[in-house]
Amino acid sequence: MRGAWACAALAALVVAALSGGCTGGEEPTTVRDLSVEEAHALIEERGDDPSFVILDVRTRDEYVAGHIEGAINLDYYDPSFAAAVGALDPGDTYLVYCRSGVRSAAAIDIMVKKGFSDLYNLEGGTVAWTAAGYPLA
C-alpha cells in the first residue's frame with residue numbers, strides 16, 4: 001500500500017511542476033492547439049492587441065510567398081531561432097504556425113522551455129488555413 005501512496009505523491013508533484021505549481025508563483029503555461037476556425041476567431045478578437053503576436057516559423061521564402069496577415073517571421077530552421085525567440089516578450093500571447101503544424105509544435109516546445117506562458121498552435125498550418133478558404137497576404 002505504501003508504494004501506491006508514493007506513486008500518487010510523485011504523480012502529484014509532477015503535475016504541480018508541469019502546471020507551474022512549484023515555480024514560486026510563476027504563471028502556468030497554457031499551450032492549446034487551435035483549429036483553423038478557432039485561430040481565425042482568435043485573430044479577429046485579439047488582432048489589434050499589441051500583446052497578441054502571430055508568429056510564422058516557416059522559412060523566409062515560404063513567408064514571402066504568403067503568410068497570415070500581421071504575422072512576424074522567425075525561421076525555425078535558422079540556427080539563431082532559439083536566440084531570436086529569446087528576444088520576444090514571454091508575457092505576450094502567441095499564435096504560432098508553419099506549413100503543416102510540425103515546426104510550430106517544435107517551436108512551441110522551445111518557447112515553453114524559455115518561459116513563454118500563453119501559446120496557441122494552428123493545427124494544420126497554412127495548408128489547413130488555405131483549404132478552409134482563408135487568405136494569405
# chains A, B, ... in the order shown; residues from 1 in each chain; ligands from 1
>>> closest_atom_pairs(of="range 23-86 of chain A", to="range 108-129 of chain A", cutoff="12 Å", atoms="only C-alpha atoms", output="CSV")
residue,atom,partner,partner_atom,distance
A:Thr23,CA,A:Gly115,CA,11.0
A:Glu26,CA,A:Ser117,CA,9.2
A:Glu27,CA,A:Ser117,CA,6.8
A:Pro28,CA,A:Ser117,CA,6.4
A:Thr29,CA,A:Ser117,CA,4.0
A:Thr30,CA,A:Asp118,CA,5.0
A:Val31,CA,A:Leu119,CA,4.8
A:Arg32,CA,A:Tyr120,CA,4.9
A:Asp33,CA,A:Asn121,CA,4.7
A:Leu34,CA,A:Leu122,CA,5.1
A:Ser35,CA,A:Glu123,CA,5.5
A:Val36,CA,A:Trp129,CA,5.8
A:Glu37,CA,A:Trp129,CA,8.6
A:Glu38,CA,A:Leu122,CA,8.7
A:Ala39,CA,A:Leu122,CA,6.5
A:His40,CA,A:Trp129,CA,8.8
A:Ala41,CA,A:Leu122,CA,11.9
A:Leu42,CA,A:Tyr120,CA,9.7
A:Ile43,CA,A:Tyr120,CA,11.2
A:Ser51,CA,A:Asp118,CA,10.6
A:Phe52,CA,A:Asp118,CA,9.7
A:Val53,CA,A:Leu119,CA,9.7
A:Ile54,CA,A:Tyr120,CA,9.4
A:Leu55,CA,A:Asn121,CA,9.7
A:Asp56,CA,A:Gly125,CA,9.4
A:Val57,CA,A:Ile108,CA,10.0
A:Arg58,CA,A:Thr126,CA,9.9
A:Glu62,CA,A:Thr126,CA,10.1
A:Tyr63,CA,A:Thr126,CA,10.3
A:Ala65,CA,A:Thr126,CA,11.4
A:Gly66,CA,A:Thr126,CA,9.0
A:His67,CA,A:Thr126,CA,7.8
A:Ile68,CA,A:Thr126,CA,8.1
A:Glu69,CA,A:Thr126,CA,11.9
A:Tyr76,CA,A:Ile110,CA,10.1
A:Phe81,CA,A:Ile110,CA,9.4
A:Ala82,CA,A:Ile110,CA,7.0
A:Ala83,CA,A:Lys114,CA,9.9
A:Ala84,CA,A:Met111,CA,10.6
A:Val85,CA,A:Met111,CA,7.0
A:Gly86,CA,A:Lys114,CA,6.8
>>> select_by_dssp(residues="chain A", states="strand (DSSP E)", output="JSON, numbers by chain")
{"A": [30, 31, 32, 33, 34, 52, 53, 54, 55, 56, 72, 73, 93, 94, 95, 96, 97, 118, 119, 120, 121, 122]}
>>> write_last_selection(atoms="N, CA, C and O atoms", output="mmCIF file, in the first residue's frame")
data_model
loop_
_atom_site.group_PDB
_atom_site.id
_atom_site.type_symbol
_atom_site.label_atom_id
_atom_site.label_comp_id
_atom_site.auth_asym_id
_atom_site.auth_seq_id
_atom_site.Cartn_x
_atom_site.Cartn_y
_atom_site.Cartn_z
ATOM 1 N N THR A 30 0.171 27.766 -20.734
ATOM 2 C CA THR A 30 -1.007 27.330 -21.466
ATOM 3 C C THR A 30 -0.604 27.135 -22.914
ATOM 4 O O THR A 30 -0.142 28.071 -23.557
ATOM 5 N N VAL A 31 -0.747 25.905 -23.403
ATOM 6 C CA VAL A 31 -0.496 25.592 -24.802
ATOM 7 C C VAL A 31 -1.753 24.918 -25.327
ATOM 8 O O VAL A 31 -2.197 23.919 -24.768
ATOM 9 N N ARG A 32 -2.320 25.499 -26.388
ATOM 10 C CA ARG A 32 -3.535 24.925 -26.974
ATOM 11 C C ARG A 32 -3.369 24.789 -28.466
ATOM 12 O O ARG A 32 -2.842 25.687 -29.122
ATOM 13 N N ASP A 33 -3.836 23.666 -28.996
ATOM 14 C CA ASP A 33 -3.947 23.504 -30.440
ATOM 15 C C ASP A 33 -5.275 24.105 -30.854
ATOM 16 O O ASP A 33 -6.298 23.850 -30.218
ATOM 17 N N LEU A 34 -5.254 24.909 -31.914
ATOM 18 C CA LEU A 34 -6.473 25.545 -32.403
ATOM 19 C C LEU A 34 -6.779 25.078 -33.813
ATOM 20 O O LEU A 34 -5.881 24.977 -34.649
ATOM 21 N N PHE A 52 -0.666 40.459 -28.518
ATOM 22 C CA PHE A 52 -1.012 39.252 -29.275
ATOM 23 C C PHE A 52 -0.144 39.219 -30.526
ATOM 24 O O PHE A 52 -0.139 40.158 -31.313
ATOM 25 N N VAL A 53 0.623 38.129 -30.683
ATOM 26 C CA VAL A 53 1.577 38.023 -31.779
ATOM 27 C C VAL A 53 1.272 36.781 -32.608
ATOM 28 O O VAL A 53 1.127 35.687 -32.068
ATOM 29 N N ILE A 54 1.190 36.982 -33.919
ATOM 30 C CA ILE A 54 1.070 35.863 -34.848
ATOM 31 C C ILE A 54 2.486 35.570 -35.325
ATOM 32 O O ILE A 54 3.135 36.440 -35.903
ATOM 33 N N LEU A 55 2.963 34.366 -35.060
ATOM 34 C CA LEU A 55 4.351 34.005 -35.339
ATOM 35 C C LEU A 55 4.413 32.908 -36.394
ATOM 36 O O LEU A 55 3.958 31.792 -36.170
ATOM 37 N N ASP A 56 4.985 33.241 -37.537
ATOM 38 C CA ASP A 56 5.187 32.317 -38.653
ATOM 39 C C ASP A 56 6.597 31.765 -38.523
ATOM 40 O O ASP A 56 7.567 32.519 -38.577
ATOM 41 N N ILE A 72 4.633 37.901 -37.913
ATOM 42 C CA ILE A 72 6.073 38.130 -37.990
ATOM 43 C C ILE A 72 6.724 36.791 -38.314
ATOM 44 O O ILE A 72 6.151 35.735 -38.053
ATOM 45 N N ASN A 73 7.915 36.827 -38.882
ATOM 46 C CA ASN A 73 8.576 35.602 -39.334
ATOM 47 C C ASN A 73 9.880 35.370 -38.598
ATOM 48 O O ASN A 73 10.750 36.223 -38.571
ATOM 49 N N THR A 93 0.941 36.845 -25.820
ATOM 50 C CA THR A 93 0.214 35.674 -26.319
ATOM 51 C C THR A 93 0.649 35.430 -27.753
ATOM 52 O O THR A 93 0.701 36.372 -28.549
ATOM 53 N N TYR A 94 0.958 34.174 -28.087
ATOM 54 C CA TYR A 94 1.469 33.840 -29.415
ATOM 55 C C TYR A 94 0.605 32.783 -30.095
ATOM 56 O O TYR A 94 0.320 31.737 -29.509
ATOM 57 N N LEU A 95 0.216 33.083 -31.331
ATOM 58 C CA LEU A 95 -0.384 32.098 -32.228
ATOM 59 C C LEU A 95 0.730 31.711 -33.184
ATOM 60 O O LEU A 95 1.207 32.544 -33.961
ATOM 61 N N VAL A 96 1.183 30.467 -33.103
ATOM 62 C CA VAL A 96 2.335 30.006 -33.866
ATOM 63 C C VAL A 96 1.847 29.080 -34.975
ATOM 64 O O VAL A 96 0.991 28.226 -34.749
ATOM 65 N N TYR A 97 2.423 29.272 -36.171
ATOM 66 C CA TYR A 97 2.040 28.394 -37.272
ATOM 67 C C TYR A 97 3.210 28.166 -38.222
ATOM 68 O O TYR A 97 4.196 28.902 -38.221
ATOM 69 N N ASP A 118 1.661 31.651 -22.768
ATOM 70 C CA ASP A 118 0.355 31.693 -23.432
ATOM 71 C C ASP A 118 0.559 31.453 -24.925
ATOM 72 O O ASP A 118 0.818 32.384 -25.684
ATOM 73 N N LEU A 119 0.446 30.180 -25.336
ATOM 74 C CA LEU A 119 0.809 29.765 -26.683
ATOM 75 C C LEU A 119 -0.313 28.985 -27.354
ATOM 76 O O LEU A 119 -0.956 28.140 -26.739
ATOM 77 N N TYR A 120 -0.513 29.284 -28.632
ATOM 78 C CA TYR A 120 -1.502 28.588 -29.448
ATOM 79 C C TYR A 120 -0.820 28.058 -30.698
ATOM 80 O O TYR A 120 -0.021 28.763 -31.323
ATOM 81 N N ASN A 121 -1.139 26.823 -31.075
ATOM 82 C CA ASN A 121 -0.594 26.202 -32.272
ATOM 83 C C ASN A 121 -1.713 26.036 -33.295
ATOM 84 O O ASN A 121 -2.750 25.435 -32.992
ATOM 85 N N LEU A 122 -1.515 26.574 -34.492
ATOM 86 C CA LEU A 122 -2.502 26.428 -35.559
ATOM 87 C C LEU A 122 -2.395 25.026 -36.141
ATOM 88 O O LEU A 122 -1.419 24.694 -36.815
#
>>> atom_distance(atom1="CA of Gly47 in chain A", atom2="CA of Gly70 in chain A")
8.1 Å
>>> select_by_dssp(residues="chain A", states="alpha helix (DSSP H)", output="number ranges by chain")
A: 2-18, 36-46, 60-65, 81-86, 102-113, 125-131
>>> closest_residue(among="A:Ala106, A:Pro90, A:Ser100, A:Tyr77", to="Ala131 in chain A", atoms="only C-alpha atoms")
A:Ser100
>>> atom_distance(atom1="CA of Pro50 in chain A", atom2="CA of Asp89 in chain A")
11.1 Å
>>> closest_residue(among="A:Leu74, A:Tyr134, A:Ser104, A:Asp49", to="Ala87 in chain A", atoms="only C-alpha atoms")
A:Leu74
